[in-house]
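Q: mmCIF, C-alpha atoms, file start-v3.cif:
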```
data_model
#
loop_
_atom_site.label_atom_id
_atom_site.label_comp_id
_atom_site.auth_asym_id
_atom_site.auth_seq_id
_atom_site.Cartn_x
_atom_site.Cartn_y
_atom_site.Cartn_z
CA MET O 1 -93.17 -84.57 -28.59
CA LYS O 2 -91.94 -87.41 -26.43
CA THR O 3 -89.19 -86.48 -23.97
CA PRO O 4 -86.03 -88.53 -24.56
CA ASP O 5 -85.25 -91.10 -21.89
CA LEU O 6 -81.72 -89.96 -21.04
CA GLN O 7 -81.12 -92.80 -18.60
CA SER O 8 -82.02 -95.32 -21.28
CA ASP O 9 -79.80 -93.44 -23.78
CA ARG O 10 -76.87 -93.60 -21.37
CA GLY O 11 -77.41 -97.32 -20.92
CA LYS O 12 -77.39 -97.92 -24.68
CA ALA O 13 -74.35 -95.68 -25.08
CA GLY O 14 -72.59 -97.60 -22.32
CA GLY O 15 -73.28 -100.88 -24.11
CA PHE O 16 -71.94 -99.40 -27.33
CA LEU O 17 -68.74 -98.24 -25.59
CA PHE O 18 -68.28 -101.73 -24.13
CA ILE O 19 -68.43 -103.21 -27.65
CA ILE O 20 -65.88 -100.64 -28.82
CA PHE O 21 -63.57 -101.50 -25.92
CA PHE O 22 -63.89 -105.21 -26.70
CA PHE O 23 -62.98 -104.85 -30.37
CA PHE O 24 -60.21 -102.37 -29.55
CA CYS O 25 -58.56 -104.88 -27.21
CA PHE O 26 -59.09 -107.74 -29.64
CA GLU O 27 -57.57 -105.99 -32.65
CA GLY O 28 -55.10 -103.67 -30.97
CA LYS O 29 -52.09 -106.00 -31.28
CA GLY O 30 -49.76 -106.34 -34.22
CA GLN O 31 -51.26 -103.48 -36.19
CA SER O 32 -47.87 -102.19 -37.29
CA GLU O 33 -47.70 -105.02 -39.85
CA SER O 34 -48.18 -104.29 -43.54
CA LYS O 35 -51.78 -103.98 -44.67
CA SER O 36 -53.72 -104.81 -47.80
CA PHE O 37 -57.06 -103.52 -49.15
CA ASN O 38 -55.83 -99.94 -48.88
CA SER O 39 -58.78 -98.59 -50.89
CA LEU O 40 -60.68 -98.79 -47.58
CA GLU O 41 -58.61 -95.81 -46.38
CA LEU O 42 -59.31 -93.50 -49.32
CA PRO O 43 -61.73 -90.56 -48.86
CA VAL O 44 -65.16 -91.41 -50.25
CA HIS O 45 -66.23 -87.78 -50.81
CA ALA O 46 -64.60 -84.55 -51.96
CA ALA O 47 -65.66 -82.73 -48.79
CA ILE O 48 -63.90 -85.35 -46.65
CA ALA O 49 -60.75 -85.05 -48.76
CA ALA O 50 -60.87 -81.25 -48.45
CA ILE O 51 -60.94 -81.25 -44.64
CA GLY O 52 -57.98 -83.57 -44.19
CA GLY O 53 -59.08 -86.94 -45.57
CA VAL O 54 -60.53 -88.37 -42.34
CA ASN O 55 -63.72 -87.37 -40.51
CA VAL O 56 -66.17 -89.24 -38.25
CA SER O 57 -68.30 -86.38 -36.85
CA SER O 58 -69.96 -84.55 -39.78
CA VAL O 59 -73.54 -85.74 -39.27
CA ASP O 60 -76.41 -85.45 -41.77
CA LYS O 61 -74.22 -83.93 -44.48
CA GLU O 62 -73.98 -86.37 -47.38
CA VAL O 63 -75.43 -89.80 -48.04
CA VAL O 64 -72.00 -91.36 -48.62
CA PHE O 65 -70.63 -90.24 -45.23
CA PHE O 66 -71.89 -93.45 -43.62
CA GLN O 67 -68.73 -95.06 -44.99
CA ASN O 68 -66.66 -92.85 -42.65
CA ASN O 69 -68.87 -93.65 -39.67
CA PRO O 70 -72.14 -95.62 -39.99
CA ALA O 71 -73.68 -93.39 -37.29
CA LEU O 72 -73.40 -90.24 -39.45
CA SER O 73 -76.57 -91.09 -41.34
CA SER O 74 -80.20 -90.46 -40.41
CA ASP O 75 -83.64 -90.52 -42.05
CA THR O 76 -83.02 -86.98 -43.39
CA LEU O 77 -80.93 -88.63 -46.13
CA ASN O 78 -83.59 -91.10 -47.29
CA SER O 79 -83.85 -91.30 -51.10
CA TRP O 80 -80.56 -89.46 -51.57
CA ALA O 81 -78.09 -90.89 -54.09
CA GLY O 82 -74.48 -89.81 -54.49
CA ALA O 83 -71.54 -90.35 -56.82
CA ASN O 84 -67.88 -89.49 -56.33
CA HIS O 85 -64.64 -89.81 -58.29
CA LEU O 86 -61.05 -89.28 -57.20
CA PHE O 87 -58.65 -88.42 -60.03
CA TYR O 88 -55.41 -89.87 -58.73
CA PHE O 89 -51.99 -90.09 -60.35
CA ALA O 90 -50.91 -92.31 -63.26
CA ASN O 91 -54.52 -92.82 -64.46
CA VAL O 92 -55.52 -94.34 -61.12
CA GLY O 93 -59.12 -93.53 -60.19
CA PHE O 94 -61.41 -94.19 -57.24
CA SER O 95 -65.19 -94.11 -57.71
CA THR O 96 -67.92 -94.28 -55.09
CA PHE O 97 -71.71 -94.67 -55.40
CA ALA O 98 -74.17 -94.59 -52.50
CA TYR O 99 -77.92 -94.62 -51.92
CA GLN O 100 -80.14 -94.67 -48.84
CA HIS O 101 -83.66 -96.07 -48.88
CA ASN O 102 -86.33 -96.18 -46.19
CA PHE O 103 -87.85 -99.63 -45.76
CA HIS O 104 -91.06 -99.24 -43.76
CA LYS O 105 -90.56 -102.28 -41.55
CA ILE O 106 -86.86 -101.97 -40.78
CA GLY O 107 -86.18 -98.28 -41.43
CA PRO O 108 -83.41 -96.63 -43.47
CA ILE O 109 -80.63 -98.74 -44.96
CA ALA O 110 -77.71 -97.34 -46.95
CA PHE O 111 -75.95 -99.09 -49.80
CA GLY O 112 -72.54 -98.33 -51.27
CA ILE O 113 -70.18 -99.59 -53.93
CA ASN O 114 -66.60 -98.40 -54.33
CA HIS O 115 -64.12 -99.24 -57.05
CA LEU O 116 -60.41 -98.45 -57.18
CA SER O 117 -59.07 -98.76 -60.72
CA LEU O 118 -55.31 -99.29 -60.94
CA GLY O 119 -55.34 -99.50 -64.71
CA ASN O 120 -53.41 -102.06 -66.76
CA ILE O 121 -50.15 -103.63 -65.59
CA GLU O 122 -47.73 -105.05 -68.13
CA GLY O 123 -46.69 -108.62 -67.31
CA TYR O 124 -43.38 -110.38 -68.09
CA ASP O 125 -42.01 -113.84 -67.34
CA ALA O 126 -38.63 -114.66 -65.80
CA THR O 127 -36.91 -114.34 -69.19
CA GLY O 128 -38.37 -110.89 -69.84
CA MET O 129 -40.89 -112.00 -72.44
CA ALA O 130 -44.10 -109.96 -72.44
CA LEU O 131 -47.18 -111.79 -71.22
CA GLY O 132 -49.68 -109.06 -72.02
CA ASP O 133 -51.57 -106.58 -69.89
CA PHE O 134 -53.39 -107.38 -66.66
CA ASN O 135 -56.25 -105.38 -65.19
CA SER O 136 -55.94 -104.48 -61.53
CA GLY O 137 -58.41 -102.97 -59.12
CA GLU O 138 -60.36 -103.30 -55.91
CA THR O 139 -64.13 -103.28 -55.33
CA THR O 140 -65.99 -102.86 -52.05
CA LEU O 141 -69.69 -103.49 -51.41
CA VAL O 142 -71.16 -101.82 -48.30
CA LEU O 143 -74.43 -102.32 -46.43
CA SER O 144 -75.15 -99.93 -43.54
CA LYS O 145 -77.73 -99.58 -40.78
CA ALA O 146 -77.99 -96.86 -38.10
CA HIS O 147 -80.22 -96.38 -35.05
CA GLN O 148 -80.94 -93.24 -33.06
CA ALA O 149 -81.71 -93.17 -29.32
CA GLY O 150 -82.24 -89.62 -28.08
CA HIS O 151 -79.11 -87.63 -28.80
CA PHE O 152 -77.01 -90.73 -29.48
CA ARG O 153 -76.68 -92.70 -32.69
CA VAL O 154 -75.09 -96.07 -33.31
CA GLY O 155 -74.48 -97.80 -36.60
CA ILE O 156 -72.78 -100.70 -38.34
CA ASN O 157 -71.31 -101.22 -41.81
CA LEU O 158 -70.92 -104.66 -43.36
CA LYS O 159 -68.33 -104.68 -46.16
CA GLY O 160 -67.18 -107.19 -48.71
CA VAL O 161 -63.83 -106.34 -50.35
CA PHE O 162 -62.61 -107.97 -53.57
CA SER O 163 -59.10 -107.25 -54.84
CA ASN O 164 -57.50 -108.20 -58.14
CA LEU O 165 -53.81 -107.35 -58.62
CA ALA O 166 -52.52 -108.49 -62.01
CA GLY O 167 -54.42 -111.76 -61.82
CA TYR O 168 -53.84 -112.40 -58.12
CA ARG O 169 -57.15 -112.26 -56.24
CA SER O 170 -58.05 -111.81 -52.61
CA SER O 171 -61.26 -111.09 -50.70
CA ALA O 172 -62.20 -110.05 -47.19
CA LEU O 173 -65.21 -109.42 -44.99
CA ALA O 174 -65.08 -106.39 -42.66
CA VAL O 175 -67.28 -104.54 -40.20
CA ASP O 176 -67.33 -100.90 -39.02
CA ILE O 177 -69.00 -100.06 -35.69
CA GLY O 178 -69.62 -96.39 -34.96
CA GLY O 179 -71.41 -93.98 -32.71
CA THR O 180 -72.10 -90.25 -32.48
CA PHE O 181 -73.44 -87.74 -29.99
CA VAL O 182 -75.37 -84.78 -31.46
CA HIS O 183 -75.89 -81.86 -29.12
CA PRO O 184 -79.59 -80.87 -28.90
CA SER O 185 -79.07 -77.08 -28.99
CA HIS O 186 -75.52 -76.37 -30.21
CA ASP O 187 -73.84 -77.14 -33.53
CA LEU O 188 -71.67 -79.80 -31.94
CA SER O 189 -71.25 -83.47 -32.82
CA ILE O 190 -68.79 -86.08 -31.56
CA GLY O 191 -68.02 -89.33 -33.35
CA LEU O 192 -66.20 -92.57 -32.61
CA VAL O 193 -65.74 -95.53 -34.93
CA ILE O 194 -63.86 -98.83 -35.12
CA LYS O 195 -63.11 -99.60 -38.75
CA ASN O 196 -62.26 -102.71 -40.71
CA VAL O 197 -62.62 -105.41 -38.09
CA GLY O 198 -62.82 -108.63 -40.06
CA TRP O 199 -61.30 -111.57 -41.82
CA VAL O 200 -59.37 -112.23 -45.03
CA MET O 201 -61.34 -115.01 -46.73
CA ASN O 202 -59.00 -115.65 -49.69
CA GLU O 203 -55.31 -114.82 -49.99
CA PHE O 204 -53.56 -113.47 -53.08
CA SER O 205 -51.21 -116.48 -53.06
CA PRO O 206 -50.35 -119.43 -50.77
CA THR O 207 -47.42 -117.47 -49.33
CA SER O 208 -49.11 -114.06 -48.85
CA SER O 209 -50.42 -112.79 -45.52
CA SER O 210 -52.92 -109.97 -46.03
CA LYS O 211 -54.10 -107.64 -43.28
CA LEU O 212 -57.14 -105.38 -43.20
CA PRO O 213 -56.37 -101.70 -42.39
CA PHE O 214 -57.85 -101.83 -38.88
CA ASP O 215 -58.34 -98.39 -37.36
CA VAL O 216 -59.90 -96.61 -34.40
CA GLN O 217 -60.98 -93.02 -35.06
CA ALA O 218 -62.56 -90.29 -32.93
CA GLY O 219 -63.38 -86.67 -33.68
CA LEU O 220 -65.61 -83.67 -33.18
CA SER O 221 -67.14 -80.93 -35.30
CA TYR O 222 -68.17 -77.60 -33.78
CA LYS O 223 -69.48 -74.29 -35.08
CA PRO O 224 -69.50 -71.36 -32.64
CA GLU O 225 -72.88 -69.66 -32.54
CA HIS O 226 -71.78 -66.29 -33.91
CA MET O 227 -68.96 -67.41 -36.17
CA PRO O 228 -69.32 -68.48 -39.82
CA PHE O 229 -66.79 -71.30 -39.42
CA ARG O 230 -67.12 -74.95 -38.47
CA PHE O 231 -64.08 -76.64 -36.95
CA SER O 232 -63.30 -80.35 -37.23
CA LEU O 233 -60.63 -82.32 -35.41
CA THR O 234 -60.19 -86.04 -36.03
CA ALA O 235 -57.80 -88.50 -34.40
CA TYR O 236 -57.07 -91.69 -36.32
CA ARG O 237 -54.76 -94.73 -36.21
CA LEU O 238 -55.33 -94.76 -32.47
CA ALA O 239 -54.39 -98.44 -32.29
CA GLU O 240 -50.87 -97.53 -33.41
CA TYR O 241 -48.35 -95.38 -31.57
CA ASN O 242 -45.12 -95.17 -33.55
CA ILE O 243 -46.61 -94.36 -36.94
CA PRO O 244 -44.23 -91.64 -38.26
CA TYR O 245 -41.70 -93.07 -40.68
CA HIS O 246 -38.13 -92.78 -39.39
CA ASP O 247 -34.94 -93.89 -41.13
CA ALA O 248 -32.04 -93.54 -38.69
CA ASN O 249 -29.53 -94.48 -41.41
CA GLY O 250 -30.89 -91.89 -43.80
CA GLY O 251 -30.01 -88.87 -41.70
CA MET O 252 -33.61 -88.23 -40.65
CA GLU O 253 -34.24 -86.58 -37.32
CA GLU O 254 -36.04 -88.78 -34.82
CA PRO O 255 -39.70 -87.76 -34.41
CA THR O 256 -40.47 -85.88 -31.22
CA THR O 257 -43.33 -86.73 -28.88
CA LEU O 258 -45.26 -83.82 -30.38
CA ASP O 259 -44.68 -85.24 -33.89
CA LYS O 260 -46.00 -88.62 -32.78
CA VAL O 261 -49.15 -87.05 -31.31
CA ALA O 262 -49.76 -84.76 -34.29
CA SER O 263 -49.35 -87.70 -36.68
CA HIS O 264 -52.65 -89.03 -35.35
CA LEU O 265 -54.55 -85.79 -36.07
CA THR O 266 -56.22 -84.13 -39.03
CA PHE O 267 -57.51 -80.57 -38.90
CA GLY O 268 -60.42 -79.33 -40.99
CA GLY O 269 -62.50 -76.22 -41.39
CA GLU O 270 -65.61 -75.10 -43.23
CA LEU O 271 -66.00 -71.39 -44.01
CA LEU O 272 -69.70 -70.67 -44.48
CA ILE O 273 -69.66 -67.79 -46.95
CA HIS O 274 -73.35 -68.37 -47.74
CA LYS O 275 -76.01 -70.64 -46.31
CA ASN O 276 -75.58 -72.87 -49.37
CA ILE O 277 -71.91 -72.32 -50.24
CA SER O 278 -68.85 -73.29 -48.20
CA VAL O 279 -65.09 -73.16 -48.62
CA LEU O 280 -63.29 -76.19 -47.15
CA LEU O 281 -59.78 -76.36 -45.73
CA GLY O 282 -57.74 -79.18 -44.24
CA TYR O 283 -54.33 -80.26 -43.00
CA ASN O 284 -53.05 -83.81 -42.53
CA PHE O 285 -49.81 -83.70 -40.51
CA LEU O 286 -48.79 -87.32 -41.17
CA ARG O 287 -49.19 -86.97 -44.93
CA HIS O 288 -47.10 -83.78 -44.86
CA GLN O 289 -44.31 -85.45 -42.89
CA GLU O 290 -44.26 -88.59 -45.03
CA LEU O 291 -44.18 -86.77 -48.38
CA LYS O 292 -42.17 -83.63 -47.76
CA LEU O 293 -38.75 -83.28 -49.42
CA GLU O 294 -35.94 -80.81 -48.87
CA SER O 295 -36.48 -79.33 -52.32
CA ALA O 296 -40.24 -79.90 -52.75
CA GLY O 297 -43.42 -81.09 -51.12
CA GLY O 298 -44.25 -77.93 -49.16
CA GLY O 299 -47.91 -78.33 -50.07
CA SER O 300 -48.15 -81.99 -49.11
CA GLY O 301 -50.82 -82.61 -46.51
CA PHE O 302 -52.75 -79.42 -47.24
CA SER O 303 -56.15 -79.64 -48.93
CA VAL O 304 -58.78 -77.21 -50.13
CA GLY O 305 -62.23 -77.47 -51.63
CA ALA O 306 -65.70 -76.04 -51.97
CA SER O 307 -69.27 -77.27 -51.68
CA ALA O 308 -72.61 -75.93 -52.88
CA ASN O 309 -76.19 -76.94 -52.13
CA ILE O 310 -78.75 -76.03 -54.77
CA SER O 311 -82.29 -77.10 -53.96
CA GLN O 312 -82.16 -80.91 -53.85
CA PHE O 313 -78.72 -81.14 -55.46
CA ASN O 314 -75.30 -81.02 -53.75
CA PHE O 315 -71.91 -80.57 -55.39
CA ALA O 316 -68.38 -80.59 -53.95
CA MET O 317 -64.83 -80.59 -55.28
CA SER O 318 -61.40 -80.71 -53.66
CA ARG O 319 -57.67 -80.68 -54.24
CA SER O 320 -55.28 -82.59 -51.97
CA GLY O 321 -51.61 -81.65 -52.11
CA TYR O 322 -48.86 -84.19 -52.84
CA VAL O 323 -45.18 -83.87 -53.81
CA THR O 324 -45.89 -84.47 -57.51
CA GLY O 325 -48.91 -82.17 -57.62
CA GLY O 326 -52.51 -82.49 -56.57
CA ALA O 327 -55.19 -85.17 -56.49
CA TYR O 328 -58.61 -83.86 -57.49
CA GLN O 329 -61.95 -85.18 -56.33
CA VAL O 330 -65.51 -84.39 -57.46
CA SER O 331 -68.73 -85.45 -55.70
CA MET O 332 -72.42 -85.00 -56.49
CA SER O 333 -75.64 -86.07 -54.78
CA ILE O 334 -79.34 -85.65 -55.48
CA ASN O 335 -82.65 -86.29 -53.74
CA LEU O 336 -84.34 -88.78 -56.05
CA SER O 337 -87.73 -88.58 -54.33
CA LYS O 338 -87.99 -84.83 -55.04
CA LEU O 339 -86.92 -85.38 -58.64
CA ILE O 340 -89.57 -88.05 -59.19
CA LYS O 341 -92.30 -85.90 -57.62
CA ARG O 342 -91.42 -82.99 -59.91
CA LYS O 343 -91.64 -85.21 -62.98
#
```
Output the file's structure as structure tokens, nothing else.
A:
Amino acid sequence: MKTPDLQSDRGKAGGFLFIIFFFFCFEGKGQSESKSFNSLELPVHAAIAAIGGVNVSSVDKEVVFFQNNPALSSDTLNSWAGANHLFYFANVGFSTFAYQHNFHKIGPIAFGINHLSLGNIEGYDATGMALGDFNSGETTLVLSKAHQAGHFRVGINLKGVFSNLAGYRSSALAVDIGGTFVHPSHDLSIGLVIKNVGWVMNEFSPTSSSKLPFDVQAGLSYKPEHMPFRFSLTAYRLAEYNIPYHDANGGMEEPTTLDKVASHLTFGGELLIHKNISVLLGYNFLRHQELKLESAGGGSGFSVGASANISQFNFAMSRSGYVTGGAYQVSMSINLSKLIKRK
């Protein structure tokens, strides 16, 4: 086996970090403004939802994870296909499909399509007369490519987003740039990604001003050698500082420095009760703070789930807590090459 050229790896990693720094500086201003295309921030897999909703360091787990960080994929996921559905409130649903194929000349490439269905919206004119129902939703097409150099991986996602809100249409082009470090001997991985750098190509109306949900995320996943538990910690919205909502006129207490720091963090865990079965736990501090009420909402921000791997088939489900109840998510994936060989 060829020994990795660590000096070369460091050089490539340094170039990657320079690109990250460049985009961070370019996009880091004015991010407190309202954003559109919010389907780009929804969890694309039940396991991600179960460990807090954000993760950039779980490498080689599921084919769809490249949408969290394009560097989470590798050739071990070639020929895998996955499907996911989030059962949200008021008949709102979010579906995700992904597939990775190995092209002999250029290597593995992953494809994804996401659709957020907002259902039908009843329309009325200025006089209150009904104009009929309008379909609303948002669709995202994703093309992803990753490259490995020693213990480092880099990747890029190219995304086209198309939104339709009651007849008003908008579209955007976005890019994710990510990287990971995978420890050669320990169950440790570290991820960093810049998400949704791009341009709004068409506005909803001549007076609208849409913004992509730009984000910088970093995290790590670690399993101690003699402990059946994998820890995950992810920091997100790193381009924003004052993200906790605060209404001084509403009697709310001003967020402390600790609140502001914790609002950037999600905590996740994976209890390995069997080599093929895991229980998933998560806590999103910002979601808990935003949704909690004096009389309800104690479970907001907490999430739980489970995953199972059976031969060449993976299954996961989760429940994320909100004030009005829970949002449920189901994900499945299968190795199509093994299925075809068996047939």
Q: Out of O:Ile121, O:Ala146, O:Ala316, O:Leu233, which residue has the shortest atom-to-atom distance to Tyr283 of chain O when counting only C-alpha atoms?
A: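 Of the candidates, the smallest distance to Tyr283 of chain O is held by O:Leu233.
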Q: On this structure, which residues satisfy the PyMOL selection byres ((chain O and resi 138) around 6), written as a PyMOL selection string?
A: chain O and resi 115-116+137+139+162-163
Q: Any chance you could export the current selection's C-alpha atoms as a PDB file, in the coordinates of the input?
A:
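Writing the result to result.pdb gives the following:
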```
ATOM      1  CA  HIS O 115     -64.120 -99.240 -57.050  1.00  0.00           C
ATOM      2  CA  LEU O 116     -60.410 -98.450 -57.180  1.00  0.00           C
ATOM      3  CA  GLY O 137     -58.410-102.970 -59.120  1.00  0.00           C
ATOM      4  CA  THR O 139     -64.130-103.280 -55.330  1.00  0.00           C
ATOM      5  CA  PHE O 162     -62.610-107.970 -53.570  1.00  0.00           C
ATOM      6  CA  SER O 163     -59.100-107.250 -54.840  1.00  0.00           C
TER       7      SER O 163
END
```
Q: Could you write out as a PyMOL selection string the residues that the PyMOL selection byres ((chain O and resi 158) around 12) matches in the shown file?
A: chain O and resi 66-67+69-70+109-113+140-146+155-157+159-161+172-178+195-199
Q: Please, what distance in Å, to one decimal, runs between atom CA of Arg319 of chain O and atom CA of Val64 of chain O?
A: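 Atom CA of Val64 of chain O lies 18.7 Å from atom CA of Arg319 of chain O.
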Q: What does the distance between atom CA of Val330 of chain O and atom CA of Ile48 of chain O come to in Å, to one decimal place?
A: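 That distance, rounded to one decimal, is 11.0 Å.
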Q: Would you mind telling me which residue in O:Gln217, O:Gln312, O:Gly321, O:His147 lies nearest to Lys338 of chain O when using all atoms listed in the file?
A: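 That would be O:Gln312, the residue with the smallest distance to Lys338 of chain O.
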Q: When you count all atoms listed in the file, which of these residues is closest to Val304 of chain O: O:Val182, O:Phe204, O:Ala49, O:Ser170?
A: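 For Val304 of chain O, the nearest of the candidates is O:Ala49.
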Q: Report as a PyMOL selection string the residues that result from applying the PyMOL selection byres ((chain O and resi 213) around 12) to the structure here.
A: chain O and resi 27-28+30-42+161+172+174-176+194-200+210-212+214-216+236-237+239-240
Q: Taking all atoms listed in the file into account, which of O:His288, O:Arg169, O:His264, O:Lys105 comes nearest Thr234 of chain O?
A: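 Closest to Thr234 of chain O of all the choices is O:His264.
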Q: Between atom CA of Ile190 of chain O and atom CA of Ser263 of chain O, measure the distance and give it in Å to one decimal.
A: 20.2 Å
Q: Around the point (-62.8, -79.1, -58.2) (coordinates from the file), which residues reach within 12 Å if we count all atoms listed in the file? Answer as a ChimeraX atom specification.
A: /O:45-47,49-50,84-87,279-280,303-308,315-320,326-332
Q: What would the file look like if the residues just selected were written as a CSV table (one decimal), in the coordinates of the input with C-alpha atoms?
A:
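Printed below is result.csv as written:
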```csv
chain,number,residue,atom,x,y,z
O,45,HIS,CA,-66.2,-87.8,-50.8
O,46,ALA,CA,-64.6,-84.6,-52.0
O,47,ALA,CA,-65.7,-82.7,-48.8
O,49,ALA,CA,-60.8,-85.0,-48.8
O,50,ALA,CA,-60.9,-81.2,-48.4
O,84,ASN,CA,-67.9,-89.5,-56.3
O,85,HIS,CA,-64.6,-89.8,-58.3
O,86,LEU,CA,-61.0,-89.3,-57.2
O,87,PHE,CA,-58.6,-88.4,-60.0
O,279,VAL,CA,-65.1,-73.2,-48.6
O,280,LEU,CA,-63.3,-76.2,-47.2
O,303,SER,CA,-56.2,-79.6,-48.9
O,304,VAL,CA,-58.8,-77.2,-50.1
O,305,GLY,CA,-62.2,-77.5,-51.6
O,306,ALA,CA,-65.7,-76.0,-52.0
O,307,SER,CA,-69.3,-77.3,-51.7
O,308,ALA,CA,-72.6,-75.9,-52.9
O,315,PHE,CA,-71.9,-80.6,-55.4
O,316,ALA,CA,-68.4,-80.6,-54.0
O,317,MET,CA,-64.8,-80.6,-55.3
O,318,SER,CA,-61.4,-80.7,-53.7
O,319,ARG,CA,-57.7,-80.7,-54.2
O,320,SER,CA,-55.3,-82.6,-52.0
O,326,GLY,CA,-52.5,-82.5,-56.6
O,327,ALA,CA,-55.2,-85.2,-56.5
O,328,TYR,CA,-58.6,-83.9,-57.5
O,329,GLN,CA,-62.0,-85.2,-56.3
O,330,VAL,CA,-65.5,-84.4,-57.5
O,331,SER,CA,-68.7,-85.4,-55.7
O,332,MET,CA,-72.4,-85.0,-56.5
```
Q: Between O:Gly282, O:Pro43, O:Gly82, O:Gly53, which has the minimum distance to Asn335 of chain O (counting all atoms listed in the file)?
A: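 For Asn335 of chain O, the nearest of the candidates is O:Gly82.
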Q: Counting only C-alpha atoms, which residues have an atom no more than 10 Å from (-70.5, -70.5, -45.0) in the file's coordinates? Please list them as a PyMOL selection string.
A: chain O and resi 227-230+270-280+307-308
Q: Just want the 7 Å neighbourhood of Leu192 of chain O, counted on all atoms listed in the file, with same-chain residues fewer than 3 positions away dropped. Output as a PDB file with C-alpha atoms, in the frame of the given file.
A:
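Output contents, as saved in selection19.pdb:
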```
ATOM      1  CA  VAL O  56     -66.170 -89.240 -38.250  1.00  0.00           C
ATOM      2  CA  GLY O 178     -69.620 -96.390 -34.960  1.00  0.00           C
ATOM      3  CA  GLY O 179     -71.410 -93.980 -32.710  1.00  0.00           C
ATOM      4  CA  THR O 180     -72.100 -90.250 -32.480  1.00  0.00           C
ATOM      5  CA  GLN O 217     -60.980 -93.020 -35.060  1.00  0.00           C
ATOM      6  CA  ALA O 218     -62.560 -90.290 -32.930  1.00  0.00           C
ATOM      7  CA  GLY O 219     -63.380 -86.670 -33.680  1.00  0.00           C
TER       8      GLY O 219
END
```
Q: Can you list, as a PDB file with C-alpha atoms, in the coordinates of the input, every protein, DNA or RNA residue that comes within 7 Å of Ala166 of chain O when you count only C-alpha atoms, leaving out same-chain residues fewer than 3 positions away?
A:
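Heads up, here's the output in out23.pdb:
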```
ATOM      1  CA  ILE O 121     -50.150-103.630 -65.590  1.00  0.00           C
ATOM      2  CA  PHE O 134     -53.390-107.380 -66.660  1.00  0.00           C
ATOM      3  CA  ASN O 135     -56.250-105.380 -65.190  1.00  0.00           C
ATOM      4  CA  SER O 136     -55.940-104.480 -61.530  1.00  0.00           C
TER       5      SER O 136
END
```
